[in-house]
file upload_0.cif (mmCIF, C-alpha atoms)
data_input
#
loop_
_atom_site.label_atom_id
_atom_site.label_comp_id
_atom_site.auth_asym_id
_atom_site.auth_seq_id
_atom_site.Cartn_x
_atom_site.Cartn_y
_atom_site.Cartn_z
CA MET A 8 -19.33 -23.07 -22.10
CA THR A 9 -18.60 -21.05 -25.25
CA GLN A 10 -20.03 -18.03 -23.47
CA TRP A 11 -17.68 -18.57 -20.56
CA SER A 12 -14.65 -18.60 -22.86
CA GLY A 13 -15.80 -15.33 -24.41
CA TYR A 14 -15.97 -13.73 -21.01
CA LEU A 15 -12.62 -15.18 -20.09
CA GLY A 16 -11.23 -13.49 -23.20
CA LEU A 17 -12.58 -10.18 -21.90
CA ILE A 18 -10.89 -10.72 -18.58
CA LEU A 19 -7.61 -11.62 -20.26
CA GLN A 20 -7.79 -8.41 -22.28
CA GLY A 21 -8.12 -6.59 -18.98
CA ALA A 22 -5.09 -8.48 -17.69
CA LEU A 23 -3.08 -7.13 -20.61
CA VAL A 24 -4.04 -3.56 -19.71
CA THR A 25 -3.11 -4.22 -16.09
CA ILE A 26 0.28 -5.61 -17.10
CA GLU A 27 0.88 -2.66 -19.42
CA LEU A 28 0.01 -0.20 -16.66
CA THR A 29 2.20 -2.02 -14.15
CA LEU A 30 5.19 -2.00 -16.49
CA MET A 31 4.88 1.64 -17.51
CA GLY A 32 4.10 2.74 -13.96
CA SER A 33 7.12 0.82 -12.67
CA VAL A 34 9.43 2.50 -15.17
CA LEU A 35 8.19 5.96 -14.16
CA ALA A 36 8.36 4.98 -10.49
CA LEU A 37 11.94 3.77 -10.90
CA VAL A 38 13.01 7.02 -12.57
CA MET A 39 11.29 9.14 -9.92
CA ALA A 40 12.69 6.97 -7.13
CA PHE A 41 16.28 7.53 -8.24
CA LEU A 42 15.76 11.22 -8.93
CA ALA A 43 14.10 11.92 -5.59
CA GLY A 44 16.09 9.39 -3.58
CA MET A 45 19.40 10.76 -4.74
CA GLY A 46 17.99 14.26 -4.46
CA ARG A 47 17.44 13.66 -0.77
CA VAL A 48 21.11 12.97 -0.19
CA SER A 49 22.21 15.88 -2.37
CA ARG A 50 24.66 18.53 -1.21
CA PHE A 51 22.35 21.32 -2.27
CA PHE A 52 19.61 22.44 0.08
CA ILE A 53 17.19 23.32 -2.70
CA VAL A 54 17.42 19.86 -4.29
CA ARG A 55 16.92 18.22 -0.91
CA ALA A 56 13.91 20.42 -0.21
CA LEU A 57 12.29 19.70 -3.58
CA ALA A 58 12.79 15.97 -3.19
CA THR A 59 11.36 16.04 0.34
CA ILE A 60 8.29 17.99 -0.76
CA TYR A 61 7.68 15.57 -3.61
CA ILE A 62 8.02 12.53 -1.36
CA GLU A 63 5.89 13.89 1.48
CA PHE A 64 3.21 15.09 -0.88
CA PHE A 65 2.79 11.85 -2.78
CA ARG A 66 3.08 9.64 0.27
CA GLY A 67 0.73 11.87 2.21
CA THR A 68 -2.24 11.93 -0.14
CA SER A 69 -3.70 8.66 -1.23
CA ILE A 70 -3.18 7.17 -4.69
CA PHE A 71 -6.91 7.28 -5.26
CA VAL A 72 -7.11 11.04 -4.70
CA GLN A 73 -4.06 11.63 -6.88
CA LEU A 74 -5.56 9.64 -9.71
CA PHE A 75 -8.84 11.51 -9.58
CA TRP A 76 -6.99 14.76 -9.35
CA ALA A 77 -4.89 13.91 -12.40
CA TYR A 78 -7.92 12.83 -14.35
CA PHE A 79 -10.53 15.39 -13.37
CA VAL A 80 -8.68 18.51 -12.21
CA LEU A 81 -5.72 18.68 -14.60
CA PRO A 82 -8.00 19.14 -17.65
CA PHE A 83 -9.16 22.41 -16.09
CA ALA A 84 -5.54 23.47 -15.90
CA GLY A 85 -5.31 22.80 -19.63
CA LEU A 86 -3.68 19.38 -19.42
CA SER A 87 -5.99 16.70 -20.71
CA LEU A 88 -4.84 13.17 -20.08
CA THR A 89 -6.25 9.92 -21.34
CA PRO A 90 -7.18 7.48 -18.58
CA LEU A 91 -4.06 5.45 -19.35
CA GLN A 92 -1.78 8.50 -19.12
CA ALA A 93 -3.43 9.67 -15.91
CA GLY A 94 -3.10 6.16 -14.49
CA VAL A 95 0.58 5.79 -15.34
CA LEU A 96 1.32 9.30 -14.06
CA ALA A 97 -0.46 8.86 -10.72
CA LEU A 98 0.82 5.32 -10.13
CA GLY A 99 4.39 6.14 -11.13
CA LEU A 100 4.60 9.31 -9.06
CA ASN A 101 2.95 7.69 -6.03
CA VAL A 102 5.00 4.51 -5.92
CA GLY A 103 8.09 6.48 -6.94
CA ALA A 104 7.75 8.52 -3.74
CA TYR A 105 7.72 5.36 -1.62
CA ALA A 106 10.59 3.85 -3.57
CA ALA A 107 12.61 7.08 -3.24
CA GLU A 108 12.86 6.48 0.48
CA VAL A 109 14.15 2.99 -0.29
CA VAL A 110 16.83 4.45 -2.56
CA ARG A 111 17.86 6.94 0.11
CA GLY A 112 17.96 4.29 2.81
CA ALA A 113 20.03 1.96 0.63
CA ILE A 114 22.53 4.66 -0.29
CA LEU A 115 22.94 5.60 3.36
CA SER A 116 23.32 1.95 4.32
CA VAL A 117 26.55 1.64 2.34
CA GLY A 118 29.37 1.79 4.84
CA ARG A 119 31.36 4.92 5.52
CA GLU A 120 34.60 3.21 4.58
CA GLN A 121 33.31 2.81 1.01
CA TYR A 122 32.95 6.58 0.70
CA GLU A 123 36.39 7.05 2.20
CA ALA A 124 37.78 4.53 -0.28
CA CYS A 125 36.25 6.58 -3.10
CA THR A 126 38.01 9.67 -1.82
CA ALA A 127 41.25 7.77 -1.43
CA LEU A 128 41.01 6.58 -5.04
CA ASN A 129 40.38 10.17 -6.10
CA LEU A 130 36.98 9.37 -7.62
CA GLY A 131 34.61 12.26 -8.19
CA ARG A 132 31.24 12.30 -6.41
CA TRP A 133 29.45 11.01 -9.47
CA GLN A 134 32.11 8.42 -10.32
CA GLY A 135 32.07 7.10 -6.77
CA MET A 136 28.29 6.90 -6.83
CA ARG A 137 28.27 5.16 -10.19
CA HIS A 138 31.02 2.60 -9.67
CA VAL A 139 31.19 2.01 -5.93
CA ILE A 140 28.09 3.07 -4.01
CA LEU A 141 25.20 2.26 -6.34
CA PRO A 142 26.26 -1.30 -7.27
CA GLN A 143 26.20 -2.15 -3.58
CA ALA A 144 23.11 -0.10 -2.74
CA LEU A 145 21.13 -1.63 -5.61
CA LEU A 146 21.27 -5.03 -4.00
CA VAL A 147 19.85 -3.62 -0.77
CA MET A 148 17.05 -1.88 -2.67
CA LEU A 149 15.94 -4.85 -4.75
CA PRO A 150 13.77 -6.80 -2.29
CA THR A 151 11.87 -3.67 -1.25
CA PHE A 152 11.54 -2.63 -4.89
CA GLY A 153 9.85 -5.97 -5.43
CA ASN A 154 7.35 -5.17 -2.70
CA ASN A 155 6.81 -1.74 -4.22
CA ALA A 156 6.15 -3.29 -7.63
CA ILE A 157 3.53 -5.57 -6.09
CA GLU A 158 1.96 -2.56 -4.35
CA LEU A 159 1.88 -0.86 -7.75
CA LEU A 160 0.27 -3.88 -9.36
CA LYS A 161 -2.40 -3.85 -6.67
CA ALA A 162 -2.89 -0.11 -6.98
CA THR A 163 -3.57 -0.44 -10.73
CA SER A 164 -7.02 -1.73 -9.81
CA VAL A 165 -8.13 1.81 -8.93
CA VAL A 166 -7.77 2.95 -12.54
CA SER A 167 -10.92 0.94 -13.25
CA LEU A 168 -12.74 3.79 -11.53
CA ILE A 169 -11.62 6.29 -14.14
CA SER A 170 -13.02 4.02 -16.85
CA LEU A 171 -9.82 2.34 -17.95
CA ALA A 172 -10.63 -1.24 -19.00
CA ASP A 173 -8.22 -3.09 -16.73
CA LEU A 174 -8.72 -6.40 -14.96
CA THR A 175 -11.00 -5.03 -12.24
CA PHE A 176 -13.05 -3.08 -14.76
CA GLN A 177 -13.58 -6.18 -16.91
CA ALA A 178 -14.64 -8.14 -13.85
CA GLN A 179 -17.32 -5.53 -13.26
CA VAL A 180 -18.36 -5.71 -16.93
CA VAL A 181 -18.69 -9.48 -16.76
CA ARG A 182 -20.60 -9.18 -13.51
CA SER A 183 -23.09 -6.73 -14.92
CA GLN A 184 -23.55 -8.72 -18.14
CA THR A 185 -23.87 -12.19 -16.70
CA GLY A 186 -25.12 -11.46 -13.22
CA SER A 187 -22.68 -14.06 -11.99
CA THR A 188 -20.44 -12.69 -9.28
CA LEU A 189 -18.27 -15.53 -8.08
CA MET A 190 -16.66 -16.42 -11.40
CA PRO A 191 -15.39 -13.00 -12.52
CA PHE A 192 -14.10 -11.92 -9.13
CA VAL A 193 -12.43 -15.20 -8.25
CA SER A 194 -10.70 -15.43 -11.64
CA VAL A 195 -9.55 -11.81 -11.37
CA LEU A 196 -8.22 -12.35 -7.85
CA VAL A 197 -6.33 -15.43 -9.02
CA ILE A 198 -4.83 -13.52 -11.97
CA TYR A 199 -3.68 -10.68 -9.71
CA PHE A 200 -2.14 -13.16 -7.32
CA GLY A 201 -0.40 -14.95 -10.18
CA LEU A 202 1.06 -11.66 -11.43
CA ALA A 203 2.24 -10.81 -7.91
CA LEU A 204 3.95 -14.22 -7.67
CA ILE A 205 5.65 -13.61 -11.01
CA ILE A 206 6.97 -10.26 -9.79
CA SER A 207 8.34 -11.65 -6.55
CA TRP A 208 9.92 -14.58 -8.39
CA GLY A 209 11.49 -12.23 -10.95
CA ILE A 210 12.93 -10.01 -8.26
CA ARG A 211 14.33 -12.97 -6.38
CA SER A 212 16.15 -14.31 -9.43
CA LEU A 213 17.42 -10.82 -10.28
CA GLU A 214 18.72 -10.52 -6.75
CA ARG A 215 20.57 -13.83 -7.00
CA ARG A 216 22.11 -12.77 -10.26
CA MET A 217 23.24 -9.38 -8.96
CA ALA A 218 24.61 -10.81 -5.72
CA ARG A 219 27.08 -12.84 -7.77
CA GLY A 220 30.62 -11.63 -7.24
CA LEU A 221 29.69 -9.45 -4.28
CA ASP A 222 30.20 -12.19 -1.71
CA GLY A 223 33.18 -10.73 0.04
CA VAL A 224 31.89 -7.17 -0.08
CA ARG A 225 28.69 -7.45 1.83
CA ALA A 226 28.50 -8.83 5.31
CA MET B 29 -11.92 27.67 -14.20
CA GLU B 30 -10.78 29.29 -10.99
CA TRP B 31 -10.77 28.56 -7.34
CA ASP B 32 -14.01 29.77 -5.74
CA TRP B 33 -14.08 30.22 -1.95
CA ASN B 34 -17.87 30.62 -1.85
CA PHE B 35 -18.25 27.24 -3.44
CA VAL B 36 -15.83 25.82 -0.90
CA ARG B 37 -17.97 27.20 1.94
CA GLU B 38 -21.06 25.77 0.32
CA ILE B 39 -19.75 22.22 0.01
CA MET B 40 -17.93 22.10 3.35
CA PRO B 41 -20.84 20.62 5.38
CA THR B 42 -21.23 17.76 2.89
CA LEU B 43 -17.53 17.02 2.94
CA ILE B 44 -17.43 17.06 6.73
CA GLN B 45 -20.16 14.42 6.73
CA GLY B 46 -17.88 12.34 4.56
CA VAL B 47 -14.93 12.94 6.88
CA LYS B 48 -16.92 11.45 9.76
CA ILE B 49 -17.58 8.25 7.82
CA THR B 50 -13.95 8.11 6.67
CA ILE B 51 -12.73 8.34 10.26
CA LEU B 52 -15.34 5.85 11.48
CA ALA B 53 -14.31 3.34 8.81
CA THR B 54 -10.63 3.82 9.68
CA VAL B 55 -11.17 3.32 13.41
CA LEU B 56 -13.37 0.25 13.00
CA GLY B 57 -11.06 -1.15 10.31
CA SER B 58 -8.02 -0.64 12.56
CA ILE B 59 -9.67 -2.46 15.45
CA LEU B 60 -10.60 -5.34 13.18
CA ALA B 61 -7.13 -5.40 11.59
CA ALA B 62 -5.51 -5.51 15.03
CA ILE B 63 -7.66 -8.51 16.01
CA VAL B 64 -7.39 -10.33 12.68
CA GLY B 65 -3.64 -9.77 12.59
CA LEU B 66 -3.19 -11.26 16.05
CA ALA B 67 -5.40 -14.21 15.13
CA ILE B 68 -3.41 -14.88 11.95
CA ALA B 69 -0.09 -14.52 13.76
CA LEU B 70 -1.19 -16.96 16.46
CA ALA B 71 -2.66 -19.41 13.95
CA ARG B 72 0.59 -19.43 11.98
CA ARG B 73 2.50 -20.44 15.10
CA SER B 74 0.06 -23.19 15.91
CA PRO B 75 1.55 -26.69 16.16
CA ASN B 76 -1.23 -27.90 13.85
CA ARG B 77 0.53 -27.89 10.48
CA ALA B 78 -2.66 -27.91 8.41
CA LEU B 79 -3.97 -24.84 10.21
CA SER B 80 -0.75 -22.84 10.09
CA ARG B 81 -0.13 -23.69 6.42
CA SER B 82 -3.62 -22.83 5.21
CA VAL B 83 -3.76 -19.60 7.21
CA GLY B 84 -0.32 -18.70 5.82
CA TRP B 85 -1.47 -19.22 2.24
CA PHE B 86 -4.70 -17.37 2.83
CA ALA B 87 -2.80 -14.37 4.22
CA GLU B 88 -0.35 -14.50 1.33
CA PHE B 89 -3.21 -14.51 -1.15
CA ILE B 90 -4.97 -11.56 0.48
CA ARG B 91 -1.73 -9.60 0.55
CA GLY B 92 -1.06 -10.27 -3.12
CA THR B 93 -4.42 -9.10 -4.44
CA PRO B 94 -5.89 -5.59 -4.60
CA LEU B 95 -8.10 -4.31 -1.82
CA LEU B 96 -10.56 -2.94 -4.36
CA VAL B 97 -11.28 -6.37 -5.84
CA GLN B 98 -11.62 -7.81 -2.34
CA LEU B 99 -14.14 -5.11 -1.50
CA TYR B 100 -16.11 -5.97 -4.65
CA PHE B 101 -15.91 -9.61 -3.69
CA ILE B 102 -17.36 -8.97 -0.23
CA PHE B 103 -19.93 -6.55 -1.56
CA TYR B 104 -21.17 -8.53 -4.58
CA VAL B 105 -20.40 -12.20 -3.99
CA LEU B 106 -21.44 -12.61 -0.37
CA PRO B 107 -25.06 -11.49 -0.96
CA ASP B 108 -25.37 -14.32 -3.50
CA ILE B 109 -24.71 -16.86 -0.79
CA GLY B 110 -27.15 -15.15 1.53
CA ILE B 111 -24.93 -12.78 3.51
CA LEU B 112 -26.26 -9.29 2.98
CA LEU B 113 -24.01 -6.59 4.41
CA PRO B 114 -24.48 -2.84 4.51
CA PRO B 115 -21.77 -1.08 2.46
CA LEU B 116 -19.96 0.34 5.47
CA VAL B 117 -19.80 -3.06 7.19
CA ALA B 118 -18.54 -4.69 3.99
CA GLY B 119 -15.92 -1.95 3.70
CA VAL B 120 -14.76 -2.32 7.29
CA ILE B 121 -14.48 -6.09 6.89
CA GLY B 122 -12.47 -5.61 3.69
CA LEU B 123 -10.11 -3.08 5.28
CA GLY B 124 -9.74 -5.14 8.44
CA LEU B 125 -9.00 -8.39 6.60
CA HIS B 126 -6.59 -6.81 4.13
CA TYR B 127 -4.60 -4.91 6.70
CA GLY B 128 -4.93 -7.77 9.17
CA THR B 129 -2.62 -9.78 6.92
CA TYR B 130 -0.08 -6.96 7.13
CA THR B 131 -0.36 -6.47 10.89
CA ALA B 132 0.06 -10.24 11.26
CA GLU B 133 3.65 -9.79 10.08
CA VAL B 134 4.17 -7.05 12.65
CA TYR B 135 2.86 -9.32 15.41
CA ARG B 136 5.05 -12.14 14.16
CA ALA B 137 8.16 -9.98 14.33
CA GLY B 138 7.13 -8.67 17.74
CA ILE B 139 6.55 -12.15 19.13
CA ASP B 140 9.79 -13.46 17.66
CA ASN B 141 11.60 -10.63 19.40
CA VAL B 142 10.59 -11.80 22.86
CA PRO B 143 13.71 -13.49 24.22
CA ARG B 144 13.72 -17.26 24.48
CA GLY B 145 14.39 -17.05 28.19
CA GLN B 146 10.92 -15.64 28.76
CA TRP B 147 9.31 -18.74 27.26
CA GLU B 148 11.50 -20.95 29.36
CA ALA B 149 10.78 -18.94 32.49
CA ALA B 150 7.06 -19.24 31.83
CA LYS B 151 7.44 -22.99 31.53
CA ALA B 152 9.53 -23.10 34.69
CA CYS B 153 6.79 -21.23 36.53
CA ASN B 154 4.35 -23.90 35.33
CA LEU B 155 2.12 -21.42 33.45
CA SER B 156 -0.41 -22.85 31.05
CA GLY B 157 -0.23 -22.03 27.34
CA ARG B 158 -2.91 -19.37 27.59
CA HIS B 159 -1.35 -17.75 30.65
CA THR B 160 2.05 -17.72 28.98
CA TRP B 161 0.61 -15.73 26.09
CA THR B 162 -1.56 -13.32 28.05
CA HIS B 163 0.78 -12.65 30.99
CA ILE B 164 4.29 -13.09 29.63
CA ILE B 165 4.63 -12.95 25.86
CA LEU B 166 2.04 -10.48 24.58
CA PRO B 167 2.61 -7.76 27.24
CA GLN B 168 6.26 -7.70 26.20
CA ALA B 169 5.68 -8.15 22.49
CA ILE B 170 3.00 -5.54 21.87
CA PRO B 171 4.49 -2.19 23.07
CA PRO B 172 7.52 -2.29 20.72
CA MET B 173 5.27 -2.97 17.74
CA ILE B 174 2.87 -0.09 18.35
CA PRO B 175 4.69 2.30 15.94
CA ALA B 176 4.65 -0.29 13.13
CA LEU B 177 0.98 -1.01 13.74
CA ALA B 178 0.16 2.70 13.70
CA ASN B 179 2.01 2.94 10.41
CA TYR B 180 -0.37 0.41 8.86
CA PHE B 181 -3.41 2.13 10.34
CA ILE B 182 -2.31 5.35 8.67
CA ALA B 183 -1.84 3.48 5.40
CA MET B 184 -5.34 2.09 5.82
CA PHE B 185 -6.69 5.57 6.40
CA LYS B 186 -5.27 6.56 3.02
CA GLU B 187 -6.98 3.60 1.38
CA THR B 188 -10.45 4.44 2.69
CA PRO B 189 -11.37 6.36 -0.51
CA LEU B 190 -11.65 2.93 -2.12
CA LEU B 191 -14.81 2.40 -0.10
CA SER B 192 -16.51 4.91 -2.38
CA ALA B 193 -16.45 2.18 -5.05
CA ILE B 194 -18.85 0.09 -2.99
CA THR B 195 -21.15 3.09 -2.38
CA VAL B 196 -20.02 4.01 1.13
CA LEU B 197 -20.68 7.72 1.47
CA GLU B 198 -17.25 8.63 2.79
CA LEU B 199 -15.24 11.74 1.99
CA MET B 200 -14.27 10.78 -1.57
CA ASN B 201 -17.78 9.77 -2.50
CA GLN B 202 -19.25 12.99 -1.10
CA ALA B 203 -16.64 14.95 -3.03
CA LYS B 204 -17.44 13.05 -6.23
CA SER B 205 -21.15 13.59 -5.82
CA VAL B 206 -20.83 17.35 -5.26
CA ALA B 207 -18.36 17.50 -8.13
CA ASN B 208 -20.82 15.75 -10.43
CA THR B 209 -23.74 17.88 -9.29
CA TYR B 210 -22.07 21.23 -9.93
CA TYR B 211 -19.55 19.98 -12.49
CA ARG B 212 -16.76 21.62 -10.53
CA TYR B 213 -13.91 19.25 -9.78
CA ILE B 214 -11.13 21.57 -8.66
CA GLU B 215 -12.40 22.47 -5.20
CA PRO B 216 -13.79 19.14 -3.97
CA MET B 217 -10.87 17.04 -5.27
CA THR B 218 -8.25 19.48 -4.01
CA LEU B 219 -9.94 19.69 -0.60
CA VAL B 220 -9.96 15.90 -0.31
CA GLY B 221 -6.27 15.84 -1.20
CA ALA B 222 -5.50 18.62 1.27
CA PHE B 223 -7.45 16.82 3.98
CA PHE B 224 -5.45 13.62 3.50
CA LEU B 225 -2.19 15.54 3.33
CA VAL B 226 -2.88 17.42 6.58
CA ILE B 227 -3.86 14.24 8.42
CA SER B 228 -0.83 12.35 7.21
CA LEU B 229 1.55 15.18 8.07
CA CYS B 230 0.04 15.19 11.56
CA SER B 231 0.35 11.43 11.72
CA VAL B 232 4.07 11.69 10.96
CA VAL B 233 4.43 13.71 14.17
CA LEU B 234 2.31 11.17 16.05
CA LEU B 235 4.43 8.32 14.69
CA ARG B 236 7.64 10.01 15.80
CA TRP B 237 6.19 10.35 19.27
CA LEU B 238 5.02 6.75 19.34
CA GLU B 239 8.46 5.60 18.22
CA HIS B 240 10.04 7.67 20.94
CA ARG B 241 7.60 6.37 23.56
CA TYR B 242 7.39 2.69 22.63
CA GLY B 243 10.10 2.06 20.06
CA ARG B 244 12.70 0.81 22.48
CA ILE B 245 12.25 -2.10 24.79
CA GLU B 246 13.02 -1.01 28.33
CA ARG B 247 14.98 -3.49 30.29
#
call {"tool": "encode", "arguments": {"input": "upload_0.cif", "output": "structure tokens"}}
result
Amino acid sequence: MTQWSGYLGLILQGALVTIELTLMGSVLALVMAFLAGMGRVSRFFIVRALATIYIEFFRGTSIFVQLFWAYFVLPFAGLSLTPLQAGVLALGLNVGAYAAEVVRGAILSVGREQYEACTALNLGRWQGMRHVILPQALLVMLPTFGNNAIELLKATSVVSLISLADLTFQAQVVRSQTGSTLMPFVSVLVIYFGLALIISWGIRSLERRMARGLDGVRA
Amino acid sequence: MEWDWNFVREIMPTLIQGVKITILATVLGSILAAIVGLAIALARRSPNRALSRSVGWFAEFIRGTPLLVQLYFIFYVLPDIGILLPPLVAGVIGLGLHYGTYTAEVYRAGIDNVPRGQWEAAKACNLSGRHTWTHIILPQAIPPMIPALANYFIAMFKETPLLSAITVLELMNQAKSVANTYYRYIEPMTLVGAFFLVISLCSVVLLRWLEHRYGRIER
């Protein structure tokens, strides 16, 4: 039984790495999502084109390939990344591309009259975006962002293949050391599911909180 | 290190072998996902509460945990209880189950979209439960959901590199093995990325066409 607790400690260490990766990846994804999502509705052709290329590229190739590329090919280009950096970079850029489309969709879903109201109030493009459009669009984005965050959490498991000691990696370690298969994999699956539940619960409560005071605005 | 076309020519045959397995896994996985999804969607509508609840939770659990860990589970745990599967079969089962829980939602939405009157008409015509499903509901529900289903099959295609973790010799694994043999990562990894990018750009066109062809319900 003491042995079992030692192995559980190993798995919990892995869980910490997974949480760390998920948080850092989400922050990068969020930044990229707003950059690219707002880039896609930009007035300037070149910004739109760049954003589209970014989104199509990262949605088109799989996260797995991007991770390996970041880890194995970039060093030849003179950019050596630790597994953690490569993981955060690949995860953030990949999920950011998916989330960018969410940002774009949400911005476009805000009614035309809101834009007209901005013009009528003599707000600049940025001011209108900041005070009128985004506060409404954010609420539309949130549920899908939650799904994206869960996708990101699930995608973190691939970093185990570039030797980062996350949850999945530790499960493999425990498997190879104890020869028991059921225990490590079931506990890891349960931990992942628990984390996913926490994310969806967090997003739901955030949504409730942000919806406050917007009752009359949104149909 | 620089890009070497001779090396590319040399490794092409190996990579093409991998492409075949990748496509095979995607096709088989899609077929399985289509069947599993329908089964889950039907089970969740079953009047038997115990069945619909447990299937619902099972699907939720599968959707909230990473495919990679599920693949490990099928590949390592099942042999311990006497089910020995070849890697490709284990991979196809993993893909099919995982994406089956996603396609189940598509089926659910599709079935919910069949107007109530159709159910009532089926009852009025004295059709049995099975005949109602096969002759009235499903023929109307399935065409509009084809684009959404195809979307998930494309997503599955991009996840097939994960099968390399359970020793399936698909494209990514072939690329890794040639990369490790010659210690040249640039060409194999970039080719894999390019391959996925080309296929997904083509699939965007296919999706547009599918949406155009099936997206609207003709009345």
call {"tool": "residues_around", "arguments": {"input": "upload_0.cif", "residues": "Glu108 (chain A)", "least_positions_apart": "6", "cutoff": "12 Å", "atoms": "only C-alpha atoms", "output": "JSON, numbers by chain"}}
result
{"A": [36, 37, 39, 40, 41, 42, 43, 44, 45, 46, 47, 48, 58, 59, 61, 62, 63, 65, 66, 101, 102, 114, 115, 148, 151, 152, 155]}
call {"tool": "interface_residues", "arguments": {"input": "upload_0.cif", "of": "chain B", "to": "chain A", "cutoff": "7 Å", "atoms": "all atoms listed in the file", "output": "PyMOL selection string"}}
result
chain B and resi 29+89+92-94+96-97+101+104-105+186-187+189+213-214+217+221+224-225+228-229
call {"tool": "resolve_selection", "arguments": {"input": "upload_0.cif", "expression": "the PyMOL selection byres ((chain B and resi 178) around 12)", "output": "PyMOL selection string"}}
result
chain B and resi 54-55+58-59+61-62+127+130-131+134+170-177+179-185+228+231-239+242-243
call {"tool": "atom_distance", "arguments": {"input": "upload_0.cif", "atom1": "CA of Phe223 (chain B)", "atom2": "CA of Lys204 (chain B)"}}
result
14.8 Å
call {"tool": "atom_distance", "arguments": {"input": "upload_0.cif", "atom1": "CA of Ile206 (chain A)", "atom2": "CA of Ser194 (chain A)"}}
result
18.5 Å
call {"tool": "atom_distance", "arguments": {"input": "upload_0.cif", "atom1": "CA of Leu74 (chain A)", "atom2": "CA of Val196 (chain B)"}}
result
18.9 Å
call {"tool": "residues_around", "arguments": {"input": "upload_0.cif", "residues": "Gly119 (chain B)", "least_positions_apart": "5", "cutoff": "8 Å", "atoms": "all atoms listed in the file", "output": "MDAnalysis selection string"}}
result
chainID B and resid 53 99 191 194 196
call {"tool": "residues_around", "arguments": {"input": "upload_0.cif", "residues": "Pro142 (chain A)", "least_positions_apart": "5", "cutoff": "9 Å", "atoms": "all atoms listed in the file", "output": "PyMOL selection string"}}
result
chain A and resi 136-137+217
call {"tool": "closest_residue", "arguments": {"input": "upload_0.cif", "among": "B:Ile51, B:Cys230, B:Leu60, B:Ile68", "to": "Glu133 (chain B)", "atoms": "all atoms listed in the file"}}
result
B:Ile68
call {"tool": "resolve_selection", "arguments": {"input": "upload_0.cif", "expression": "the PyMOL selection byres ((chain B and resi 142) around 10)", "output": "list in words"}}
result
Ala137, Gly138, Ile139, Asp140, Asn141, Pro143, Arg144, Gly145, Gln146, Trp147, Ile164, Ile165, Leu166, Pro167, Gln168, Ala169 and Ile170 of chain B
call {"tool": "resolve_selection", "arguments": {"input": "upload_0.cif", "expression": "the PyMOL selection byres ((chain A and resi 122) around 12)", "output": "list of chain:residue names"}}
result
A:Ile114, A:Leu115, A:Ser116, A:Val117, A:Gly118, A:Arg119, A:Glu120, A:Gln121, A:Glu123, A:Ala124, A:Cys125, A:Thr126, A:Ala127, A:Leu128, A:Asn129, A:Leu130, A:Gly131, A:Arg132, A:Trp133, A:Gln134, A:Gly135, A:Met136, A:Arg137, A:His138, A:Val139, A:Ile140, A:Leu141, A:Gln143
call {"tool": "write_last_selection", "arguments": {"input": "upload_0.cif", "atoms": "C-alpha atoms", "output": "PDB file, in the coordinates of the input"}}
result
ATOM      1  CA  ILE A 114      22.530   4.660  -0.290  1.00  0.00           C
ATOM      2  CA  LEU A 115      22.940   5.600   3.360  1.00  0.00           C
ATOM      3  CA  SER A 116      23.320   1.950   4.320  1.00  0.00           C
ATOM      4  CA  VAL A 117      26.550   1.640   2.340  1.00  0.00           C
ATOM      5  CA  GLY A 118      29.370   1.790   4.840  1.00  0.00           C
ATOM      6  CA  ARG A 119      31.360   4.920   5.520  1.00  0.00           C
ATOM      7  CA  GLU A 120      34.600   3.210   4.580  1.00  0.00           C
ATOM      8  CA  GLN A 121      33.310   2.810   1.010  1.00  0.00           C
ATOM      9  CA  GLU A 123      36.390   7.050   2.200  1.00  0.00           C
ATOM     10  CA  ALA A 124      37.780   4.530  -0.280  1.00  0.00           C
ATOM     11  CA  CYS A 125      36.250   6.580  -3.100  1.00  0.00           C
ATOM     12  CA  THR A 126      38.010   9.670  -1.820  1.00  0.00           C
ATOM     13  CA  ALA A 127      41.250   7.770  -1.430  1.00  0.00           C
ATOM     14  CA  LEU A 128      41.010   6.580  -5.040  1.00  0.00           C
ATOM     15  CA  ASN A 129      40.380  10.170  -6.100  1.00  0.00           C
ATOM     16  CA  LEU A 130      36.980   9.370  -7.620  1.00  0.00           C
ATOM     17  CA  GLY A 131      34.610  12.260  -8.190  1.00  0.00           C
ATOM     18  CA  ARG A 132      31.240  12.300  -6.410  1.00  0.00           C
ATOM     19  CA  TRP A 133      29.450  11.010  -9.470  1.00  0.00           C
ATOM     20  CA  GLN A 134      32.110   8.420 -10.320  1.00  0.00           C
ATOM     21  CA  GLY A 135      32.070   7.100  -6.770  1.00  0.00           C
ATOM     22  CA  MET A 136      28.290   6.900  -6.830  1.00  0.00           C
ATOM     23  CA  ARG A 137      28.270   5.160 -10.190  1.00  0.00           C
ATOM     24  CA  HIS A 138      31.020   2.600  -9.670  1.00  0.00           C
ATOM     25  CA  VAL A 139      31.190   2.010  -5.930  1.00  0.00           C
ATOM     26  CA  ILE A 140      28.090   3.070  -4.010  1.00  0.00           C
ATOM     27  CA  LEU A 141      25.200   2.260  -6.340  1.00  0.00           C
ATOM     28  CA  GLN A 143      26.200  -2.150  -3.580  1.00  0.00           C
TER      29      GLN A 143
END
